[in-house]
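Working notes for the structure below.
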Amino acid sequence: MTAGPGVTVEGNGSASSPYIVSSGAAATPTPVTSGDTATVDTTVSGSGTAADPYVVSADVILDPAPPGGGSNLVHAGADGLFVECADVRTCLTAGDGIAYDQTTGEISAAPAALTAVEAQDTPTVDTTVSGSGT
């Protein structure tokens, strides 16, 4: 074993003289830095000593105004991220095509209005429409 700056190694590694590794006050802590991303804000506190160790923490960044408009369905709570079922129902049923039954709590395809289809013949094509459109 070879000691680095501020570190001493005593003993020879035998049972009667085991290695003892220690550091003095001259030891310099390894610097720790944080790097943020678009979705995570990281911080480092502490000086890296035994009395004041480094503490690395991260906070999720939730966009308060999503690019598509509306509100963010993801929330940060005391136990982590969550999505409320009521928010999802509101989001899904905001437009045509999805129905929500408050009695049963079920989300389903909304009945769609049928679009009438008519055929138009030309001198070279004879067009026929059949079926009910369901």
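Chains: A, B, ... in order of the structure tokens. Residues: from 1 per chain. Ligands: from 1, in order shown.
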Q. Taking the backbone alone, and naming residues the way the document does, which bits of chain A are strand (DSSP E) by DSSP, as a count of residues only?
A. 36
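Backbone DSSP assigns helix (DSSP H, G or I) in chain A to Cys85, Ala86, Asp87, Val88, Arg89, Thr90, Cys91 and Leu92 of chain A.
CA of Val55 in chain A is positioned 22.8 Å from CA of Gly6 in chain A.
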(Q) Which residue is closest to Asp36 in chain A? Choose from A:Thr2, A:Thr128, A:Ser57, A:Ser14 and count only C-alpha atoms. (A) A:Ser57
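Closest approach to Gly35 in chain A from the set A:Ala76, A:Val56, A:Val21, A:Val117 is made by A:Val56, with distances taken over only C-alpha atoms.
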Q: Write out as a VMD selection string the residues lying within 12 Å of Glu106 in chain A, counting only C-alpha atoms and excluding same-chain residues fewer than 3 positions away.
A: chain A and resid 85 to 86 89 92 to 93 98 to 103 109 to 110
Keeping all heavy atoms, export the residues of the selection given above as a CSV table (one decimal), in the first residue's frame.
```csv
chain,number,residue,atom,x,y,z
A,85,CYS,N,-55.8,10.5,-10.8
A,85,CYS,CA,-56.7,9.8,-11.7
A,85,CYS,C,-57.7,10.9,-12.3
A,85,CYS,O,-58.0,10.9,-13.4
A,85,CYS,CB,-57.4,8.7,-11.0
A,85,CYS,SG,-58.4,7.7,-12.1
A,86,ALA,N,-58.2,11.7,-11.4
A,86,ALA,CA,-59.2,12.7,-11.8
A,86,ALA,C,-58.6,13.7,-12.8
A,86,ALA,O,-59.4,14.1,-13.7
A,86,ALA,CB,-59.7,13.5,-10.5
A,89,ARG,N,-58.7,11.8,-16.2
A,89,ARG,CA,-60.1,11.7,-16.7
A,89,ARG,C,-60.5,13.1,-17.3
A,89,ARG,O,-61.0,13.1,-18.4
A,89,ARG,CB,-61.1,11.4,-15.6
A,89,ARG,CG,-61.1,9.9,-15.3
A,89,ARG,CD,-62.3,9.5,-14.5
A,89,ARG,NE,-62.4,10.3,-13.2
A,89,ARG,CZ,-62.0,9.9,-12.0
A,89,ARG,NH1,-61.4,8.7,-11.9
A,89,ARG,NH2,-62.1,10.6,-11.0
A,92,LEU,N,-58.6,13.5,-20.7
A,92,LEU,CA,-59.1,12.6,-21.7
A,92,LEU,C,-60.4,13.0,-22.2
A,92,LEU,O,-60.7,12.9,-23.4
A,92,LEU,CB,-59.1,11.2,-21.2
A,92,LEU,CG,-57.8,10.5,-21.1
A,92,LEU,CD1,-58.0,9.1,-20.5
A,92,LEU,CD2,-57.0,10.4,-22.4
A,93,THR,N,-61.3,13.5,-21.3
A,93,THR,CA,-62.7,13.7,-21.7
A,93,THR,C,-62.9,15.2,-22.1
A,93,THR,O,-64.0,15.6,-22.3
A,93,THR,CB,-63.7,13.3,-20.6
A,93,THR,OG1,-63.3,14.1,-19.4
A,93,THR,CG2,-63.6,11.9,-20.3
A,98,ILE,N,-64.2,10.6,-26.4
A,98,ILE,CA,-64.1,9.8,-25.2
A,98,ILE,C,-65.2,10.3,-24.2
A,98,ILE,O,-65.5,11.4,-24.0
A,98,ILE,CB,-62.7,10.0,-24.5
A,98,ILE,CG1,-61.6,9.5,-25.4
A,98,ILE,CG2,-62.6,9.3,-23.2
A,98,ILE,CD1,-60.2,9.6,-24.9
A,99,ALA,N,-65.9,9.3,-23.6
A,99,ALA,CA,-66.9,9.5,-22.6
A,99,ALA,C,-66.5,9.0,-21.3
A,99,ALA,O,-65.8,8.0,-21.1
A,99,ALA,CB,-68.2,8.9,-23.1
A,100,TYR,N,-67.0,9.7,-20.2
A,100,TYR,CA,-66.7,9.3,-18.9
A,100,TYR,C,-68.0,9.2,-18.1
A,100,TYR,O,-68.9,10.1,-18.1
A,100,TYR,CB,-65.8,10.3,-18.1
A,100,TYR,CG,-65.7,10.0,-16.7
A,100,TYR,CD1,-65.0,8.9,-16.2
A,100,TYR,CD2,-66.2,10.9,-15.7
A,100,TYR,CE1,-64.9,8.6,-14.9
A,100,TYR,CE2,-66.0,10.6,-14.3
A,100,TYR,CZ,-65.4,9.5,-14.0
A,100,TYR,OH,-65.3,9.2,-12.6
A,101,ASP,N,-68.3,8.0,-17.6
A,101,ASP,CA,-69.5,7.7,-16.8
A,101,ASP,C,-69.2,7.9,-15.3
A,101,ASP,O,-68.4,7.1,-14.7
A,101,ASP,CB,-70.0,6.3,-17.1
A,101,ASP,CG,-71.3,5.9,-16.4
A,101,ASP,OD1,-71.6,6.6,-15.3
A,101,ASP,OD2,-72.0,5.0,-16.9
A,102,GLN,N,-69.7,9.0,-14.7
A,102,GLN,CA,-69.4,9.3,-13.3
A,102,GLN,C,-69.9,8.2,-12.4
A,102,GLN,O,-69.4,8.0,-11.3
A,102,GLN,CB,-69.9,10.7,-13.0
A,102,GLN,CG,-69.2,11.8,-13.7
A,102,GLN,CD,-69.6,13.2,-13.2
A,102,GLN,OE1,-70.6,13.3,-12.5
A,102,GLN,NE2,-69.0,14.2,-13.8
A,103,THR,N,-71.0,7.6,-12.7
A,103,THR,CA,-71.6,6.5,-11.9
A,103,THR,C,-70.7,5.3,-11.7
A,103,THR,O,-70.4,4.8,-10.6
A,103,THR,CB,-73.0,6.1,-12.4
A,103,THR,OG1,-73.8,7.3,-12.6
A,103,THR,CG2,-73.6,5.1,-11.5
A,109,ALA,N,-65.2,4.9,-25.4
A,109,ALA,CA,-65.3,5.7,-26.6
A,109,ALA,C,-66.7,6.3,-26.7
A,109,ALA,O,-67.7,5.6,-26.4
A,109,ALA,CB,-65.1,4.7,-27.8
A,110,ALA,N,-66.8,7.5,-27.0
A,110,ALA,CA,-68.0,8.2,-27.0
A,110,ALA,C,-68.7,7.9,-28.4
A,110,ALA,O,-68.0,7.6,-29.4
A,110,ALA,CB,-67.8,9.7,-27.0
```
Q.
Which residues are near Pro53 in chain A? Cut-off 12 Å, only C-alpha atoms, ignore same chain within fewer than 2 positions. Put them as a PyMOL selection string.
A. chain A and resi 29-32+44-51+55-56
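Minimum atom-to-atom distances from A:Gly13, A:Pro5, A:Pro64, A:Gly70 to Ala94 in chain A were compared using only C-alpha atoms, and the lowest value belongs to A:Gly70.
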Q: Quick one: everything within 8 Å of Val74 in chain A, counting only C-alpha atoms, minus sequence neighbours fewer than 2 positions away in the same chain. Send it as a list in words.
A: Leu62, Asn72, Ala76, Leu81, Phe82, Val83 and Glu84 of chain A
Q: Could you give me, as a ChimeraX atom specification, the residues within 10 Å of Gly4 in chain A, counting only C-alpha atoms and dropping anything in the same chain fewer than 3 positions from it?
A: /A:1,7-9,23,27
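For Val60 in chain A, the residues within 10 Å (counting only C-alpha atoms, excluding itself and residues fewer than 4 positions away along the chain) are Thr37, Ala38, Thr39, Val40, Asp41, Thr42, His75, Ala76, Gly80 and Leu81 of chain A.
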How would the residues just chosen look if you wrote them out with C-alpha atoms as a compact mmCIF listing (two decimals), in the first residue's frame?
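Written output follows (result26.txt):
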```txt
# COMPACT_ATOMS: atom_id res chain seq x y z
CA THR A 37 -30.49 18.97 -16.75
CA ALA A 38 -33.74 20.23 -18.24
CA THR A 39 -35.64 17.90 -15.88
CA VAL A 40 -33.46 17.74 -12.73
CA ASP A 41 -31.98 20.52 -10.57
CA THR A 42 -29.05 19.18 -8.50
CA HIS A 75 -47.16 16.49 -9.52
CA ALA A 76 -44.37 16.30 -6.93
CA GLY A 80 -42.35 11.26 -5.02
CA LEU A 81 -44.02 12.02 -8.33
```
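You can rank A:Ala116, A:Leu73, A:Cys91, A:Ala15 by their closest distance to Gly131 in chain A using only C-alpha atoms, and at the top of that list sits A:Ala116.
For the pair CA of Ala3 in chain A and CA of Ser34 in chain A, the separation is 28.5 Å.
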